[in-house]
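Shown below: work.pdb, with PDB, C-alpha atoms.
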```
ATOM      1  CA  MET L 453     120.977 101.472 122.564
ATOM      2  CA  LYS L 454     121.360 104.512 124.807
ATOM      3  CA  SER L 455     118.109 106.019 126.035
ATOM      4  CA  ARG L 456     119.784 109.067 127.578
ATOM      5  CA  GLY L 457     122.282 111.596 126.348
ATOM      6  CA  THR L 458     122.258 114.757 124.318
ATOM      7  CA  ALA L 459     119.692 114.946 121.517
ATOM      8  CA  PRO L 460     122.332 114.439 118.771
ATOM      9  CA  GLU L 461     123.738 111.395 120.626
ATOM     10  CA  VAL L 462     120.311 109.828 121.025
ATOM     11  CA  ALA L 463     119.524 110.538 117.357
ATOM     12  CA  GLN L 464     122.833 108.993 116.268
ATOM     13  CA  ASP L 465     122.037 105.862 118.269
ATOM     14  CA  LEU L 466     118.609 105.661 116.693
ATOM     15  CA  PHE L 467     120.040 106.026 113.175
ATOM     16  CA  ARG L 468     122.600 103.307 113.911
ATOM     17  CA  ALA L 469     119.849 101.008 115.186
ATOM     18  CA  LYS L 470     117.739 101.708 112.079
ATOM     19  CA  MET L 471     120.689 100.901 109.843
ATOM     20  CA  ALA L 472     121.309  97.648 111.729
ATOM     21  CA  ARG L 473     117.639  96.715 111.311
ATOM     22  CA  ARG L 474     117.789  97.426 107.566
ATOM     23  CA  THR L 475     120.888  95.268 107.232
ATOM     24  CA  GLU L 476     119.127  92.507 109.145
ATOM     25  CA  LEU L 477     116.101  92.758 106.829
ATOM     26  CA  ALA L 478     118.352  92.706 103.768
ATOM     27  CA  ARG L 479     119.712  89.330 104.914
ATOM     28  CA  LEU L 480     116.316  87.653 105.168
ATOM     29  CA  PRO L 481     115.457  84.904 102.699
ATOM     30  CA  ILE L 482     113.673  86.223  99.602
ATOM     31  CA  GLU L 483     110.505  84.272 100.451
ATOM     32  CA  ARG L 484     110.223  86.143 103.765
ATOM     33  CA  LYS L 485     110.940  89.463 102.046
ATOM     34  CA  ILE L 486     108.089  88.851  99.599
ATOM     35  CA  SER L 487     105.748  88.154 102.551
ATOM     36  CA  ILE L 488     106.827  91.480 104.076
ATOM     37  CA  LEU L 489     106.256  93.193 100.718
ATOM     38  CA  MET L 490     102.698  91.862 100.646
ATOM     39  CA  GLU L 491     102.124  93.177 104.184
ATOM     40  CA  LEU L 492     103.477  96.560 103.021
ATOM     41  CA  GLN L 493     101.081  96.556 100.062
ATOM     42  CA  LYS L 494      98.158  95.877 102.385
ATOM     43  CA  LEU L 495      99.275  98.575 104.825
ATOM     44  CA  ALA L 496      99.756 101.113 102.012
ATOM     45  CA  GLY L 497      96.324 100.182 100.623
ATOM     46  CA  ASP L 498      94.677 100.740 104.000
ATOM     47  CA  ILE L 499      96.385 104.124 104.401
ATOM     48  CA  ARG L 500      95.321 105.187 100.885
ATOM     49  CA  ALA L 501      91.753 104.049 101.601
ATOM     50  CA  SER L 502      91.681 106.006 104.880
ATOM     51  CA  MET L 503      92.651 109.102 102.885
ATOM     52  CA  GLY L 504      89.836 108.488 100.424
ATOM     53  CA  LYS L 505      92.221 107.431  97.665
ATOM     54  CA  SER L 506      91.716 104.344  95.547
ATOM     55  CA  LYS L 507      93.674 101.274  96.569
ATOM     56  CA  ARG L 508      96.293  99.876  94.243
ATOM     57  CA  PRO L 509      95.676  96.167  93.882
ATOM     58  CA  SER L 510      98.002  94.200  96.130
ATOM     59  CA  TRP L 511      99.337  90.829  95.064
ATOM     60  CA  ASN L 512      96.838  88.056  95.285
ATOM     61  CA  LEU L 513      98.902  84.911  95.257
ATOM     62  CA  PRO L 514      97.095  81.607  94.773
ATOM     63  CA  ARG L 515      96.660  79.476  97.852
ATOM     64  CA  LYS L 516      99.350  76.930  98.560
ATOM     65  CA  ARG L 517      99.106  73.962  96.271
ATOM     66  CA  ARG L 518      99.869  70.369  97.169
ATOM     67  CA  PRO L 519     103.582  70.013  97.910
ATOM     68  CA  THR L 520     105.465  68.876  94.829
ATOM     69  CA  THR L 521     107.717  65.868  94.807
ATOM     70  CA  LYS L 522     111.407  66.330  94.163
ATOM     71  CA  SER L 523     111.059  65.124  90.571
ATOM     72  CA  GLN L 524     108.522  67.871  89.890
ATOM     73  CA  THR L 525     110.809  70.633  91.124
ATOM     74  CA  GLN L 526     111.681  73.068  88.358
ATOM     75  CA  ARG L 527     115.278  73.673  87.542
ATOM     76  CA  ALA L 528     116.667  77.089  86.805
ATOM     77  CA  PRO L 529     115.769  78.059  83.223
TER      78      PRO L 529
ATOM     79  CA  MET F1361     105.220  84.277  93.245
ATOM     80  CA  ASP F1362     106.612  80.803  92.539
ATOM     81  CA  GLN F1363     103.627  80.053  90.290
ATOM     82  CA  THR F1364     104.279  83.285  88.389
ATOM     83  CA  LEU F1365     107.927  82.334  87.904
ATOM     84  CA  LYS F1366     106.931  78.916  86.567
ATOM     85  CA  VAL F1367     104.854  80.647  83.873
ATOM     86  CA  LEU F1368     107.826  82.863  82.988
ATOM     87  CA  ASN F1369     110.092  79.822  82.771
ATOM     88  CA  ASP F1370     107.566  78.212  80.417
ATOM     89  CA  LEU F1371     107.693  81.286  78.173
ATOM     90  CA  GLU F1372     111.404  80.686  77.817
ATOM     91  CA  LYS F1373     111.170  76.921  77.386
ATOM     92  CA  LYS F1374     108.599  77.382  74.630
ATOM     93  CA  HIS F1375     110.850  79.979  72.922
ATOM     94  CA  VAL F1376     108.241  82.723  73.164
ATOM     95  CA  ILE F1377     111.082  84.734  74.690
ATOM     96  CA  GLU F1378     114.805  84.079  74.417
ATOM     97  CA  ARG F1379     115.741  84.894  77.983
ATOM     98  CA  TYR F1380     114.315  86.792  80.915
ATOM     99  CA  ALA F1381     115.520  88.240  84.189
ATOM    100  CA  ILE F1382     113.787  89.934  87.090
ATOM    101  CA  GLY F1383     114.596  93.643  87.285
ATOM    102  CA  GLY F1384     113.234  96.709  89.059
ATOM    103  CA  ALA F1385     112.256  96.837  92.704
ATOM    104  CA  ILE F1386     111.745  93.081  93.079
ATOM    105  CA  ALA F1387     115.285  92.452  91.846
ATOM    106  CA  ALA F1388     116.503  95.063  94.329
ATOM    107  CA  ILE F1389     114.640  93.236  97.128
ATOM    108  CA  PHE F1390     116.773  90.183  96.439
ATOM    109  CA  TYR F1391     119.737  92.282  97.664
ATOM    110  CA  MET F1392     118.247  94.741 100.147
ATOM    111  CA  GLU F1393     115.425  95.262 102.651
ATOM    112  CA  PRO F1394     111.872  94.906 101.292
ATOM    113  CA  ILE F1395     110.473  98.091  99.750
ATOM    114  CA  LEU F1396     106.963  98.851  98.573
ATOM    115  CA  THR F1397     106.259  97.977  94.963
ATOM    116  CA  TYR F1398     103.339  96.580  93.008
ATOM    117  CA  ASP F1399     104.960  95.371  89.804
ATOM    118  CA  LEU F1400     107.164  92.517  88.859
ATOM    119  CA  ASP F1401     109.379  93.962  86.124
ATOM    120  CA  ILE F1402     110.623  91.353  83.727
ATOM    121  CA  PHE F1403     113.337  92.312  81.277
ATOM    122  CA  VAL F1404     113.234  90.124  78.210
ATOM    123  CA  LEU F1405     115.357  89.301  75.220
ATOM    124  CA  LEU F1406     112.999  88.497  72.380
ATOM    125  CA  PRO F1407     113.522  86.401  69.283
ATOM    126  CA  GLU F1408     113.960  88.683  66.294
ATOM    127  CA  SER F1409     110.802  89.078  64.257
ATOM    128  CA  PRO F1410     110.940  88.724  60.436
ATOM    129  CA  THR F1411     110.637  92.527  60.165
ATOM    130  CA  GLY F1412     113.498  93.062  62.602
ATOM    131  CA  LEU F1413     111.183  94.900  64.958
ATOM    132  CA  ILE F1414     110.880  94.153  68.666
ATOM    133  CA  VAL F1415     107.378  92.887  69.301
ATOM    134  CA  LEU F1416     105.838  91.774  72.551
ATOM    135  CA  SER F1417     102.572  90.609  71.007
ATOM    136  CA  PRO F1418     103.566  86.895  70.894
ATOM    137  CA  VAL F1419     104.134  87.078  74.681
ATOM    138  CA  TYR F1420     100.714  88.638  75.281
ATOM    139  CA  GLU F1421      99.024  86.207  72.889
ATOM    140  CA  TYR F1422     100.614  83.189  74.596
ATOM    141  CA  LEU F1423      99.529  84.427  78.025
ATOM    142  CA  ARG F1424      96.024  85.288  76.801
ATOM    143  CA  ARG F1425      95.654  81.728  75.531
ATOM    144  CA  LYS F1426      96.646  80.534  79.016
ATOM    145  CA  GLY F1427      93.875  82.677  80.490
ATOM    146  CA  TYR F1428      95.968  85.490  81.964
ATOM    147  CA  LYS F1429      94.384  88.897  81.642
ATOM    148  CA  GLU F1430      95.991  92.171  80.672
ATOM    149  CA  HIS F1431      95.442  95.218  82.812
ATOM    150  CA  LYS F1432      96.879  98.481  81.517
ATOM    151  CA  GLU F1433     100.570  97.808  80.931
ATOM    152  CA  HIS F1434     100.600  94.601  83.007
ATOM    153  CA  VAL F1435      99.591  91.008  82.641
ATOM    154  CA  LEU F1436      98.184  89.511  85.792
ATOM    155  CA  ILE F1437      99.970  86.176  86.170
ATOM    156  CA  GLU F1438      98.957  84.042  89.154
ATOM    157  CA  GLY F1439      97.994  87.114  91.168
ATOM    158  CA  VAL F1440     101.079  89.191  90.343
ATOM    159  CA  PRO F1441     101.018  92.150  87.915
ATOM    160  CA  VAL F1442     103.899  91.475  85.555
ATOM    161  CA  GLN F1443     105.339  94.083  83.243
ATOM    162  CA  PHE F1444     107.414  92.832  80.327
ATOM    163  CA  ILE F1445     110.154  95.221  79.271
ATOM    164  CA  PRO F1446     112.137  94.373  76.136
ATOM    165  CA  ALA F1447     115.877  94.956  76.557
ATOM    166  CA  TYR F1448     115.819  98.520  75.257
ATOM    167  CA  ASN F1449     119.531  99.299  75.088
ATOM    168  CA  GLU F1450     122.968  97.682  75.318
ATOM    169  CA  LEU F1451     123.182  98.043  79.098
ATOM    170  CA  VAL F1452     119.867  96.276  79.719
ATOM    171  CA  LYS F1453     120.732  93.607  77.142
ATOM    172  CA  GLU F1454     124.040  92.924  78.913
ATOM    173  CA  ALA F1455     122.261  92.903  82.291
ATOM    174  CA  VAL F1456     119.823  90.198  81.129
ATOM    175  CA  GLU F1457     122.612  88.158  79.532
ATOM    176  CA  GLU F1458     124.681  88.246  82.737
ATOM    177  CA  ALA F1459     121.819  87.882  85.237
ATOM    178  CA  VAL F1460     122.374  85.372  88.040
ATOM    179  CA  GLU F1461     120.360  82.264  88.744
ATOM    180  CA  ARG F1462     118.398  82.264  91.976
ATOM    181  CA  ARG F1463     115.669  80.192  93.543
ATOM    182  CA  TYR F1464     112.368  81.313  94.913
ATOM    183  CA  LYS F1465     110.942  78.506  96.990
ATOM    184  CA  ARG F1466     111.857  75.609  94.701
ATOM    185  CA  VAL F1467     111.550  77.414  91.406
ATOM    186  CA  GLY F1468     114.590  78.556  89.486
ATOM    187  CA  THR F1469     114.673  82.085  88.127
ATOM    188  CA  ARG F1470     117.107  84.783  87.063
ATOM    189  CA  VAL F1471     117.751  88.123  88.730
ATOM    190  CA  LEU F1472     119.793  91.071  87.470
ATOM    191  CA  ARG F1473     123.102  91.501  89.260
ATOM    192  CA  ALA F1474     123.157  94.284  91.851
ATOM    193  CA  GLU F1475     125.840  96.142  89.864
ATOM    194  CA  HIS F1476     123.701  96.125  86.702
ATOM    195  CA  LEU F1477     120.687  97.240  88.735
ATOM    196  CA  LEU F1478     122.695 100.207  90.007
ATOM    197  CA  ALA F1479     123.814 101.112  86.487
ATOM    198  CA  ILE F1480     120.266 100.872  85.093
ATOM    199  CA  MET F1481     118.900 102.998  87.947
ATOM    200  CA  LEU F1482     121.661 105.531  87.352
ATOM    201  CA  GLN F1483     120.863 105.638  83.646
ATOM    202  CA  THR F1484     117.109 105.963  84.286
ATOM    203  CA  GLY F1485     117.710 108.617  86.934
ATOM    204  CA  ARG F1486     114.232 109.086  88.441
ATOM    205  CA  PRO F1487     114.091 110.288  92.083
ATOM    206  CA  LYS F1488     112.915 106.840  93.209
ATOM    207  CA  ASP F1489     115.884 105.261  91.415
ATOM    208  CA  ARG F1490     118.287 107.506  93.298
ATOM    209  CA  ALA F1491     116.616 106.603  96.608
ATOM    210  CA  ARG F1492     116.881 102.885  95.817
ATOM    211  CA  MET F1493     120.500 103.302  94.769
ATOM    212  CA  THR F1494     121.522 104.718  98.133
ATOM    213  CA  HIS F1495     119.798 101.813  99.922
ATOM    214  CA  LEU F1496     121.336  99.261  97.600
ATOM    215  CA  LEU F1497     124.802 100.723  98.143
ATOM    216  CA  GLU F1498     124.335 100.538 101.907
ATOM    217  CA  GLU F1499     122.826  97.066 102.103
ATOM    218  CA  ALA F1500     124.099  94.972  99.195
ATOM    219  CA  LYS F1501     127.537  93.542  98.575
ATOM    220  CA  ILE F1502     128.721  95.437  95.527
ATOM    221  CA  ASN F1503     131.675  94.333  93.460
ATOM    222  CA  ALA F1504     133.292  97.735  92.928
ATOM    223  CA  ASP F1505     135.538  96.587  90.049
ATOM    224  CA  PHE F1506     132.666  94.979  88.191
ATOM    225  CA  LEU F1507     130.524  98.090  88.673
ATOM    226  CA  ARG F1508     133.375 100.326  87.436
ATOM    227  CA  GLN F1509     133.692  98.254  84.251
ATOM    228  CA  ILE F1510     129.939  98.466  83.579
ATOM    229  CA  LEU F1511     129.901 102.225  84.109
ATOM    230  CA  LYS F1512     132.899 102.640  81.778
ATOM    231  CA  ARG F1513     131.455 100.381  79.067
ATOM    232  CA  HIS F1514     128.175 102.276  78.992
ATOM    233  CA  GLY F1515     129.498 105.816  79.403
ATOM    234  CA  LEU F1516     128.017 106.354  82.849
ATOM    235  CA  GLN F1517     131.131 107.414  84.783
ATOM    236  CA  ALA F1518     130.355 111.142  84.864
ATOM    237  CA  LYS F1519     126.781 110.469  85.964
ATOM    238  CA  TRP F1520     128.108 108.161  88.706
ATOM    239  CA  GLN F1521     130.539 110.797  89.985
ATOM    240  CA  GLU F1522     127.707 113.305  90.082
ATOM    241  CA  PHE F1523     125.488 110.871  91.971
ATOM    242  CA  ARG F1524     128.272 110.127  94.509
ATOM    243  CA  ARG F1525     128.944 113.830  94.974
ATOM    244  CA  ARG F1526     125.283 114.709  95.529
ATOM    245  CA  PHE F1527     124.009 111.771  97.528
ATOM    246  CA  CYS F1528     126.859 109.801  99.077
ATOM    247  CA  GLU F1529     129.429 112.287 100.281
ATOM    248  CA  LYS F1530     128.831 113.754 103.691
TER     249      LYS F1530
END
```
Can you turn what I pasted into structure tokens?
Amino acid sequence: MKSRGTAPEVAQDLFRAKMARRTELARLPIERKISILMELQKLAGDIRASMGKSKRPSWNLPRKRRPTTKSQTQRAP
Amino acid sequence: MDQTLKVLNDLEKKHVIERYAIGGAIAAIFYMEPILTYDLDIFVLLPESPTGLIVLSPVYEYLRRKGYKEHKEHVLIEGVPVQFIPAYNELVKEAVEEAVERRYKRVGTRVLRAEHLLAIMLQTGRPKDRARMTHLLEEAKINADFLRQILKRHGLQAKWQEFRRRFCEK
């Protein structure tokens, strides 16, 4: 990415880089995306709290259970 | 979320619901970058009741028996607020019927196709739907022919043209 140039050129480069980052994020596995979502919920909750607003409850997933054996794996419904 | 999906799969296996598919923002996240949301929207096809009415109470009763608590319009299932939405029109019904099978960790589930998501967002038409649509169009692989057929079948072509004109043309 260029760090010098006219303001519109620098802005264009930044927008391109943002778009590339979004595309990269879109390609992540869904499990990773859900982890990011939970981080976003926490971040949004902290921001709301700092503004004196009530937090919306973020997801509270149960702790990891014992790994299942292959025979216990659920098939698509 | 895998534990939540297992409960949803059980609902289907036990014929409490006929079929379900993930919709809303979580479905969109399957195709695009993660966005902030708090709900897991589940579109459901329900068995017809003797009165012919659509009733969600058997779903809530089943989940209550399993110990899951209701909070406002959600049921908290394994830490995730789930909102059950009965297929409320022909487009949503078709979307659930044609949803694709996906896996989350090792659990099978169903997710609305990106083209149906776009059509539902277009039909719903809230500002946040329009914002998600532009992201989805940029980041997901959209089958243009399939989308065109959906829009035609459900009378959404004019709305689509308007959306393209306002938000996609530079």
Worksheet item: From the set L:Arg473, L:Lys485, L:Arg456, L:Arg500, which residue has the shortest atom-to-atom contact distance to chain F, counting only C-alpha atoms?
Response: L:Lys485
Practice prompt. For chain F, work out the contacting residues on chain L at 9 Å, counting only C-alpha atoms, and write them as a ChimeraX atom specification.
Written response: /L:471,474-483,485-486,488-490,492-493,496,508-514,525-529
Serialized selection, C-alpha atoms, as a short mmCIF file (atom, residue, chain, number, x, y, z; two decimals), keeping the file's coordinate frame:
```cif
data_model
loop_
_atom_site.label_atom_id
_atom_site.label_comp_id
_atom_site.auth_asym_id
_atom_site.auth_seq_id
_atom_site.Cartn_x
_atom_site.Cartn_y
_atom_site.Cartn_z
CA MET L 471 120.69 100.90 109.84
CA ARG L 474 117.79 97.43 107.57
CA THR L 475 120.89 95.27 107.23
CA GLU L 476 119.13 92.51 109.14
CA LEU L 477 116.10 92.76 106.83
CA ALA L 478 118.35 92.71 103.77
CA ARG L 479 119.71 89.33 104.91
CA LEU L 480 116.32 87.65 105.17
CA PRO L 481 115.46 84.90 102.70
CA ILE L 482 113.67 86.22 99.60
CA GLU L 483 110.50 84.27 100.45
CA LYS L 485 110.94 89.46 102.05
CA ILE L 486 108.09 88.85 99.60
CA ILE L 488 106.83 91.48 104.08
CA LEU L 489 106.26 93.19 100.72
CA MET L 490 102.70 91.86 100.65
CA LEU L 492 103.48 96.56 103.02
CA GLN L 493 101.08 96.56 100.06
CA ALA L 496 99.76 101.11 102.01
CA ARG L 508 96.29 99.88 94.24
CA PRO L 509 95.68 96.17 93.88
CA SER L 510 98.00 94.20 96.13
CA TRP L 511 99.34 90.83 95.06
CA ASN L 512 96.84 88.06 95.28
CA LEU L 513 98.90 84.91 95.26
CA PRO L 514 97.10 81.61 94.77
CA THR L 525 110.81 70.63 91.12
CA GLN L 526 111.68 73.07 88.36
CA ARG L 527 115.28 73.67 87.54
CA ALA L 528 116.67 77.09 86.80
CA PRO L 529 115.77 78.06 83.22
#
```
Worksheet item: Please, what distance in Å, to one decimal, runs between atom CA of F:Lys1453 and atom CA of F:Leu1416?
Response: 15.7 Å
Worksheet entry | Atomic separation - atom CA of F:Val1419 relative to atom CA of F:Leu1477, Å |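 One can read the atom CA of F:Leu1477 to atom CA of F:Val1419 distance as 24.0 Å.
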Discussion item. One number please: atom CA of F:Asn1503 to atom CA of F:Leu1472, in Å, one decimal.
Written reply: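 Computed distance, atom CA of F:Asn1503 to atom CA of F:Leu1472, equals 13.7 Å.
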Practice prompt. Carefully work through the PyMOL selection byres ((chain F and resi 1506) around 12) for this structure and note down the residues it includes, as a ChimeraX atom specification.
Written response: /F:1458,1473-1476,1478-1479,1501-1505,1507-1513
Discussion item. With only C-alpha atoms as the counted atoms, please give the residues lying no more than 8 Å from F:Leu1451, apart from itself and same-chain residues fewer than 4 positions off, as number ranges by chain.
Written reply: F: 1455, 1476, 1480, 1514
Practice prompt. Rank nothing, just name the residue among L:Lys494, L:Arg468, L:Ala459, L:Arg484 nearest to L:Lys507, using only C-alpha atoms.
Written response: L:Lys494
Draw an axis-aligned box over all listed atoms of stretch 1492-1496 of chain F, pad each side with 6 Å, and write its centre and edge lengths in Å, one decimal, as AutoDock Vina command-line options.
```
--center_x 119.2 --center_y 102.0 --center_z 97.3 --size_x 16.6 --size_y 17.5 --size_z 17.2
```
